[in-house]
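Asks: So that you have it, the file is input.pdb, and it contains PDB, C-alpha atoms, pLDDT in the B column:
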ATOM      1  CA  MET R 103     113.388 105.814 108.520  1.00 50.00           C
ATOM      2  CA  ASN R 104     116.062 106.039 105.846  1.00 60.00           C
ATOM      3  CA  GLU R 105     115.576 102.619 104.337  1.00 83.00           C
ATOM      4  CA  LEU R 106     112.784 100.121 104.399  1.00 90.00           C
ATOM      5  CA  LYS R 107     114.460  96.723 104.177  1.00 94.00           C
ATOM      6  CA  GLN R 108     112.117  94.468 106.148  1.00 95.00           C
ATOM      7  CA  VAL R 109     108.302  94.640 106.109  1.00 96.00           C
ATOM      8  CA  LEU R 110     106.296  92.372 108.407  1.00 95.00           C
ATOM      9  CA  VAL R 111     102.544  91.859 107.990  1.00 94.00           C
ATOM     10  CA  VAL R 112     100.621  90.324 110.886  1.00 91.00           C
ATOM     11  CA  CYS R 113      97.848  88.005 109.783  1.00 86.00           C
ATOM     12  CA  GLN R 114      95.813  86.759 112.753  1.00 78.00           C
ATOM     13  CA  SER R 115      92.825  85.765 110.638  1.00 74.00           C
ATOM     14  CA  THR R 116      93.131  84.935 106.959  1.00 69.00           C
ATOM     15  CA  GLN R 117      89.639  86.392 106.467  1.00 70.00           C
ATOM     16  CA  GLU R 118      90.691  89.794 107.786  1.00 73.00           C
ATOM     17  CA  CYS R 119      94.218  90.380 106.530  1.00 83.00           C
ATOM     18  CA  ARG R 120      93.959  90.488 102.739  1.00 86.00           C
ATOM     19  CA  LYS R 121      94.191  94.293 102.557  1.00 88.00           C
ATOM     20  CA  SER R 122      97.124  94.243 104.990  1.00 90.00           C
ATOM     21  CA  VAL R 123      98.986  91.727 102.848  1.00 91.00           C
ATOM     22  CA  ARG R 124      98.287  93.809  99.719  1.00 91.00           C
ATOM     23  CA  PHE R 125      99.523  96.957 101.502  1.00 93.00           C
ATOM     24  CA  GLY R 126     102.661  95.178 102.771  1.00 94.00           C
ATOM     25  CA  THR R 127     103.284  93.854  99.265  1.00 94.00           C
ATOM     26  CA  MET R 128     102.931  97.348  97.810  1.00 93.00           C
ATOM     27  CA  MET R 129     105.414  98.770 100.327  1.00 94.00           C
ATOM     28  CA  ALA R 130     107.905  95.933  99.777  1.00 94.00           C
ATOM     29  CA  GLU R 131     107.653  96.307  96.010  1.00 92.00           C
ATOM     30  CA  LYS R 132     108.012 100.108  96.109  1.00 93.00           C
ATOM     31  CA  PHE R 133     111.053 100.084  98.414  1.00 93.00           C
ATOM     32  CA  GLY R 134     112.682  96.842  97.244  1.00 93.00           C
ATOM     33  CA  SER R 135     112.105  95.345 100.700  1.00 94.00           C
ATOM     34  CA  GLU R 136     111.723  91.800 101.870  1.00 95.00           C
ATOM     35  CA  LEU R 137     108.226  90.865 103.012  1.00 96.00           C
ATOM     36  CA  SER R 138     107.324  88.507 105.828  1.00 95.00           C
ATOM     37  CA  VAL R 139     103.775  87.498 106.725  1.00 94.00           C
ATOM     38  CA  LEU R 140     103.305  86.257 110.287  1.00 93.00           C
ATOM     39  CA  HIS R 141     100.481  84.166 111.662  1.00 89.00           C
ATOM     40  CA  THR R 142     100.629  83.309 115.351  1.00 86.00           C
ATOM     41  CA  TYR R 143      98.542  80.785 117.185  1.00 79.00           C
ATOM     42  CA  HIS R 144      98.226  79.441 120.665  1.00 71.00           C
ATOM     43  CA  ASN R 145      96.278  76.568 122.058  1.00 63.00           C
ATOM     44  CA  VAL R 146      93.453  78.298 123.922  1.00 55.00           C
ATOM     45  CA  PHE R 147      92.223  74.984 125.279  1.00 56.00           C
ATOM     46  CA  GLY R 148      95.577  73.946 126.705  1.00 56.00           C
ATOM     47  CA  LEU R 149      95.596  70.407 125.371  1.00 52.00           C
ATOM     48  CA  GLU R 150      97.877  69.450 128.209  1.00 57.00           C
ATOM     49  CA  GLY R 151      95.721  68.744 131.220  1.00 52.00           C
ATOM     50  CA  TRP R 152      92.277  68.944 129.613  1.00 58.00           C
ATOM     51  CA  ASN R 153      90.124  65.885 129.885  1.00 60.00           C
ATOM     52  CA  LEU R 154      88.363  66.045 126.531  1.00 61.00           C
ATOM     53  CA  PRO R 155      85.797  63.410 125.540  1.00 67.00           C
ATOM     54  CA  ILE R 156      87.691  62.834 122.285  1.00 67.00           C
ATOM     55  CA  PRO R 157      91.101  61.288 121.710  1.00 67.00           C
ATOM     56  CA  LYS R 158      93.980  63.733 122.218  1.00 66.00           C
ATOM     57  CA  GLN R 159      95.514  62.681 118.876  1.00 68.00           C
ATOM     58  CA  MET R 160      92.314  63.719 117.087  1.00 70.00           C
ATOM     59  CA  VAL R 161      92.522  67.204 118.618  1.00 68.00           C
ATOM     60  CA  GLU R 162      96.230  67.524 117.795  1.00 73.00           C
ATOM     61  CA  ASP R 163      95.626  66.352 114.210  1.00 78.00           C
ATOM     62  CA  GLY R 164      92.804  68.887 113.865  1.00 76.00           C
ATOM     63  CA  TYR R 165      95.089  71.653 115.107  1.00 74.00           C
ATOM     64  CA  GLN R 166      97.809  70.650 112.637  1.00 80.00           C
ATOM     65  CA  GLN R 167      95.305  70.539 109.786  1.00 84.00           C
ATOM     66  CA  MET R 168      94.083  74.029 110.711  1.00 82.00           C
ATOM     67  CA  LEU R 169      97.673  75.343 110.683  1.00 82.00           C
ATOM     68  CA  ASP R 170      98.409  73.715 107.325  1.00 86.00           C
ATOM     69  CA  GLU R 171      95.257  75.255 105.810  1.00 87.00           C
ATOM     70  CA  THR R 172      96.165  78.676 107.225  1.00 85.00           C
ATOM     71  CA  LYS R 173      99.647  78.504 105.673  1.00 87.00           C
ATOM     72  CA  LYS R 174      98.119  77.536 102.296  1.00 89.00           C
ATOM     73  CA  LYS R 175      95.721  80.505 102.438  1.00 89.00           C
ATOM     74  CA  ILE R 176      98.545  82.892 103.266  1.00 89.00           C
ATOM     75  CA  ASP R 177     100.682  81.401 100.474  1.00 89.00           C
ATOM     76  CA  GLN R 178      97.802  82.152  98.077  1.00 89.00           C
ATOM     77  CA  MET R 179      97.630  85.755  99.340  1.00 88.00           C
ATOM     78  CA  VAL R 180     101.349  86.345  98.712  1.00 90.00           C
ATOM     79  CA  LYS R 181     101.425  84.596  95.349  1.00 92.00           C
ATOM     80  CA  ALA R 182     101.073  87.899  93.458  1.00 88.00           C
ATOM     81  CA  ALA R 183     103.955  89.428  95.426  1.00 90.00           C
ATOM     82  CA  ARG R 184     106.203  86.494  94.575  1.00 92.00           C
ATOM     83  CA  GLU R 185     105.229  86.768  90.919  1.00 92.00           C
ATOM     84  CA  LYS R 186     106.326  90.434  91.018  1.00 89.00           C
ATOM     85  CA  GLY R 187     109.732  89.375  92.332  1.00 92.00           C
ATOM     86  CA  VAL R 188     109.215  90.345  95.977  1.00 93.00           C
ATOM     87  CA  LYS R 189     111.045  88.040  98.365  1.00 95.00           C
ATOM     88  CA  VAL R 190     108.336  86.696 100.697  1.00 94.00           C
ATOM     89  CA  GLU R 191     108.561  84.505 103.769  1.00 93.00           C
ATOM     90  CA  VAL R 192     105.471  83.044 105.450  1.00 91.00           C
ATOM     91  CA  LEU R 193     105.942  82.494 109.174  1.00 90.00           C
ATOM     92  CA  VAL R 194     103.627  80.442 111.377  1.00 87.00           C
ATOM     93  CA  ARG R 195     104.619  80.653 115.035  1.00 88.00           C
ATOM     94  CA  GLU R 196     103.155  79.359 118.263  1.00 84.00           C
ATOM     95  CA  GLY R 197     102.824  81.818 121.115  1.00 84.00           C
ATOM     96  CA  LYS R 198     101.230  85.077 122.138  1.00 83.00           C
ATOM     97  CA  LEU R 199     101.366  87.625 119.343  1.00 83.00           C
ATOM     98  CA  ILE R 200     103.113  90.297 121.400  1.00 84.00           C
ATOM     99  CA  ASP R 201     105.843  87.884 122.556  1.00 87.00           C
ATOM    100  CA  VAL R 202     106.460  86.515 119.066  1.00 90.00           C
ATOM    101  CA  LEU R 203     106.495  90.026 117.605  1.00 89.00           C
ATOM    102  CA  PHE R 204     109.067  91.350 120.063  1.00 89.00           C
ATOM    103  CA  LYS R 205     111.437  88.486 119.276  1.00 92.00           C
ATOM    104  CA  LEU R 206     110.870  88.666 115.524  1.00 93.00           C
ATOM    105  CA  VAL R 207     111.128  92.457 115.215  1.00 92.00           C
ATOM    106  CA  GLU R 208     114.423  92.399 117.056  1.00 91.00           C
ATOM    107  CA  ALA R 209     115.889  89.294 115.392  1.00 93.00           C
ATOM    108  CA  GLU R 210     114.914  90.272 111.831  1.00 92.00           C
ATOM    109  CA  ASN R 211     115.453  94.052 112.152  1.00 92.00           C
ATOM    110  CA  ILE R 212     111.908  94.791 111.017  1.00 94.00           C
ATOM    111  CA  ASP R 213     111.516  98.358 109.746  1.00 94.00           C
ATOM    112  CA  LEU R 214     107.754  98.423 109.191  1.00 94.00           C
ATOM    113  CA  LEU R 215     105.014  96.413 110.880  1.00 92.00           C
ATOM    114  CA  VAL R 216     101.652  96.231 109.088  1.00 93.00           C
ATOM    115  CA  LEU R 217      98.633  95.289 111.197  1.00 86.00           C
ATOM    116  CA  PRO R 218      94.978  94.911 110.249  1.00 84.00           C
ATOM    117  CA  SER R 219      92.853  97.459 112.092  1.00 76.00           C
ATOM    118  CA  HIS R 220      89.587  96.099 113.391  1.00 61.00           C
ATOM    119  CA  PRO R 221      87.456  96.432 116.500  1.00 57.00           C
ATOM    120  CA  GLU R 222      88.478  94.048 119.247  1.00 55.00           C
ATOM    121  CA  TRP R 223      85.445  92.189 120.553  1.00 55.00           C
ATOM    122  CA  ARG R 224      85.136  89.839 123.496  1.00 54.00           C
ATOM    123  CA  LEU R 225      85.788  86.714 121.442  1.00 52.00           C
ATOM    124  CA  GLU R 226      88.976  88.271 120.045  1.00 52.00           C
ATOM    125  CA  HIS R 227      90.032  89.153 123.579  1.00 52.00           C
ATOM    126  CA  PHE R 228      89.599  85.482 124.491  1.00 53.00           C
ATOM    127  CA  PHE R 229      91.607  84.212 121.518  1.00 51.00           C
ATOM    128  CA  PHE R 230      94.169  86.993 120.953  1.00 50.00           C
ATOM    129  CA  GLY R 231      94.021  89.287 123.970  1.00 51.00           C
ATOM    130  CA  ARG R 232      94.016  93.071 123.660  1.00 59.00           C
ATOM    131  CA  GLU R 233      97.406  93.437 122.057  1.00 63.00           C
ATOM    132  CA  ASN R 234      97.155  96.228 119.477  1.00 63.00           C
ATOM    133  CA  GLU R 235      97.669  98.875 122.138  1.00 67.00           C
ATOM    134  CA  ALA R 236     100.685  97.100 123.638  1.00 67.00           C
ATOM    135  CA  ILE R 237     102.155  96.610 120.155  1.00 73.00           C
ATOM    136  CA  LEU R 238     101.702 100.266 119.288  1.00 70.00           C
ATOM    137  CA  ARG R 239     103.347 101.505 122.467  1.00 74.00           C
ATOM    138  CA  LYS R 240     106.224  99.058 122.883  1.00 76.00           C
ATOM    139  CA  LEU R 241     107.620  97.897 119.537  1.00 81.00           C
ATOM    140  CA  PRO R 242     110.759  99.683 118.276  1.00 84.00           C
ATOM    141  CA  CYS R 243     109.692  99.915 114.623  1.00 90.00           C
ATOM    142  CA  SER R 244     107.266 101.939 112.519  1.00 89.00           C
ATOM    143  CA  ILE R 245     103.723 100.591 112.592  1.00 87.00           C
ATOM    144  CA  THR R 246     100.888 100.978 110.091  1.00 86.00           C
ATOM    145  CA  PHE R 247      97.306  99.903 110.705  1.00 84.00           C
ATOM    146  CA  VAL R 248      95.287  98.986 107.616  1.00 87.00           C
ATOM    147  CA  ASN R 249      91.510  99.261 107.784  1.00 81.00           C
ATOM    148  CA  GLU R 250      90.131  95.865 106.816  1.00 67.00           C
ATOM    149  CA  GLN R 251      86.510  97.001 106.827  1.00 66.00           C
ATOM    150  CA  PRO R 252      84.900  97.771 103.456  1.00 57.00           C
ATOM    151  CA  ASN R 253      84.313 101.431 102.622  1.00 58.00           C
ATOM    152  CA  LEU R 254      80.595 102.094 102.930  1.00 51.00           C
ATOM    153  CA  ALA R 255      80.646 105.556 101.346  1.00 50.00           C
TER
END
What does this structure look like when you write it as structure tokens?

Replies:
Amino acid sequence: MNELKQVLVVCQSTQECRKSVRFGTMMAEKFGSELSVLHTYHNVFGLEGWNLPIPKQMVEDGYQQMLDETKKKIDQMVKAAREKGVKVEVLVREGKLIDVLFKLVEAENIDLLVLPSHPEWRLEHFFFGRENEAILRKLPCSITFVNEQPNLA
């Protein structure tokens, strides 16, 4: 890797990606790179075709509110980077993480992908699938995992 022009941080959960965003910011600042922070989502309930006992509009409005709140939280996380002069773009995309990543890495010529490292439990498999392994093996860019767990030493 001769130059590091594009850094992409994946933020699946705003609770678990603060260290990843700080690490991505540090790398972007050090190398004069552009920083993008990606949050993907998909509708696990498949609003289309579900017969929910609540109005569909209420569910859709709740989803939109959740997305708006997520974007605000990510904007707060990257505020320090922007204040340091790092060019930052916050991306919120619908779809499976692996599919969105493949398109984005190729389209934006991403040089470094920063992912939070955490154990994948059953609930995460339900919401996100087991994608870290597929990402590690298939993406054509450098990848760094950042431990989001506190140091207990």

Asks: Any idea what the distance is between atom CA of Asn249 of chain R and atom CA of Ala209 of chain R?

Replies: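 Distance reported for this atom pair: 27.4 Å.
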
Asks: What is the atom CA of Val111 of chain R to atom CA of Gly126 of chain R distance in Å?

Replies: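 Taking atom CA of Val111 of chain R and atom CA of Gly126 of chain R, their separation equals 6.2 Å.
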
Asks: Applied to the shown file, which residues does the PyMOL selection byres ((chain R and resi 171-187) around 8) return, written as a ChimeraX atom specification?

Replies: /R:116,120,123,127,131,139,167-170,188-190,192,194

Asks: Using all atoms listed in the file, can you list as a VMD selection string the residues within 12 Å of (97.0, 102.5, 100.9)?

Replies: chain R and resid 121 to 129 216 246 to 250

Asks: Report the distance between atom CA of Glu105 of chain R and atom CA of Glu118 of chain R in Å, rounded to one decimal place.

Replies: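 Taking atom CA of Glu105 of chain R as the start and atom CA of Glu118 of chain R as the end point, the length is 28.2 Å.
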
Asks: Since I can't run it myself right now, could you work out what the PyMOL selection byres ((chain R and resi 106) around 7) selects here and report it as an MDAnalysis selection string?

Replies: chainID R and resid 104:105 107:108 133 135 213

Asks: From the set R:Leu193, R:Ile212, R:Ile245, R:Leu217, which residue has the shortest atom-to-atom contact distance to Thr142 of chain R, counting only C-alpha atoms?

Replies: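 Going through R:Leu193, R:Ile212, R:Ile245, R:Leu217 one by one, the smallest distance to Thr142 of chain R is for R:Leu193.
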
Asks: Find the residue from R:Asn211, R:His141, R:Cys243, R:Gly164 that sits nearest to Lys198 of chain R; use only C-alpha atoms when measuring.

Replies: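 The shortest atom-to-atom distance to Lys198 of chain R comes from R:His141.
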
Asks: So, counting only C-alpha atoms, which residue among R:Leu214, R:Val207, R:Leu241, R:Leu199 is closest to Val109 of chain R?

Replies: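 Nearest candidate to Val109 of chain R out of R:Leu214, R:Val207, R:Leu241, R:Leu199: R:Leu214.
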